[in-house]
Amino acid sequence: MRSGSFDQVMKYVFLFESIHRVMRAEKILKEKGISVDLIPVPREINSDCGVAVEVDLELGEEAWRVLEENRISVLECYTKNPSGKFEQRKPDLQMRPKDI
């Protein structure tokens, strides 16, 4: 986990139902070459304790696609702007895999 440094870039923050899914998501994303950080779930998003996956904004849609392809359900997703404000996101439907 990161040591509390303040990022000046936008990020995607993914929340999952369990720590097991967080760990699986981290492993799969790293295997696909997507850099991830595990962070405590921000209080502004959810008051429960937990861990979230954070990726750089430009990798967010790709990360979401990889998670869906590997059947890892994302409970919630947010973008975090440089000032630390969160906005809930929905997947870009054009990026989602087509139904078979």
# chains A, B, ... in the order shown; residues from 1 in each chain; ligands from 1
$ select_by_dssp --residues "chain A" --states "strand (DSSP E)" --output "list in words"
Lys11, Tyr12, Val13, Phe14, Leu15, Asp37, Leu38, Ile39, Pro40, Val51, Ala52, Val53, Glu54, Val55, Asp56, Glu76, Cys77, Tyr78, Thr79, Lys80, Phe86, Glu87 and Gln88 of chain A
$ write_last_selection --atoms "C-alpha atoms" --output "PDB file, in the first residue's frame"
ATOM      1  CA  LYS A  11      -7.449   7.965 -10.572  1.00  0.00           C
ATOM      2  CA  TYR A  12     -10.032   5.203 -10.873  1.00  0.00           C
ATOM      3  CA  VAL A  13     -10.973   3.533  -7.579  1.00  0.00           C
ATOM      4  CA  PHE A  14     -12.631   0.095  -7.736  1.00  0.00           C
ATOM      5  CA  LEU A  15     -14.534  -1.405  -4.793  1.00  0.00           C
ATOM      6  CA  ASP A  37      -2.211   0.315  -5.875  1.00  0.00           C
ATOM      7  CA  LEU A  38      -4.186  -1.116  -2.989  1.00  0.00           C
ATOM      8  CA  ILE A  39      -5.615   1.677  -0.849  1.00  0.00           C
ATOM      9  CA  PRO A  40      -7.934   1.856   2.152  1.00  0.00           C
ATOM     10  CA  VAL A  51      -9.334  -2.194   0.649  1.00  0.00           C
ATOM     11  CA  ALA A  52      -9.876  -0.789  -2.838  1.00  0.00           C
ATOM     12  CA  VAL A  53      -7.918  -1.029  -6.084  1.00  0.00           C
ATOM     13  CA  GLU A  54      -6.669   2.257  -7.551  1.00  0.00           C
ATOM     14  CA  VAL A  55      -5.402   2.722 -11.125  1.00  0.00           C
ATOM     15  CA  ASP A  56      -4.395   5.759 -13.175  1.00  0.00           C
ATOM     16  CA  GLU A  76     -18.664   0.280  -7.278  1.00  0.00           C
ATOM     17  CA  CYS A  77     -16.257   2.442  -9.249  1.00  0.00           C
ATOM     18  CA  TYR A  78     -15.260   6.077  -8.753  1.00  0.00           C
ATOM     19  CA  THR A  79     -12.921   8.571 -10.298  1.00  0.00           C
ATOM     20  CA  LYS A  80     -10.845  10.682  -7.938  1.00  0.00           C
ATOM     21  CA  PHE A  86     -14.857  11.314  -5.838  1.00  0.00           C
ATOM     22  CA  GLU A  87     -17.450  10.820  -8.574  1.00  0.00           C
ATOM     23  CA  GLN A  88     -19.228   7.512  -9.136  1.00  0.00           C
TER      24      GLN A  88
END
$ select_by_dssp --residues "segment 21-67 of chain A" --states "alpha helix (DSSP H)" --output "VMD selection string"
chain A and resid 21 to 31 60 to 67
$ residues_around --residues "Ile72 of chain A" --least-positions-apart "2" --cutoff "9 Å" --atoms "only C-alpha atoms" --output "number ranges by chain"
A: 16, 21, 24-25, 66-70, 74
$ atom_distance --atom1 "atom CA of Leu29 of chain A" --atom2 "atom CA of Ala63 of chain A"
6.7 Å
$ atom_distance --atom1 "atom CA of Arg71 of chain A" --atom2 "atom CA of Val9 of chain A"
28.3 Å
$ atom_distance --atom1 "atom CA of His20 of chain A" --atom2 "atom CA of Leu59 of chain A"
22.1 Å
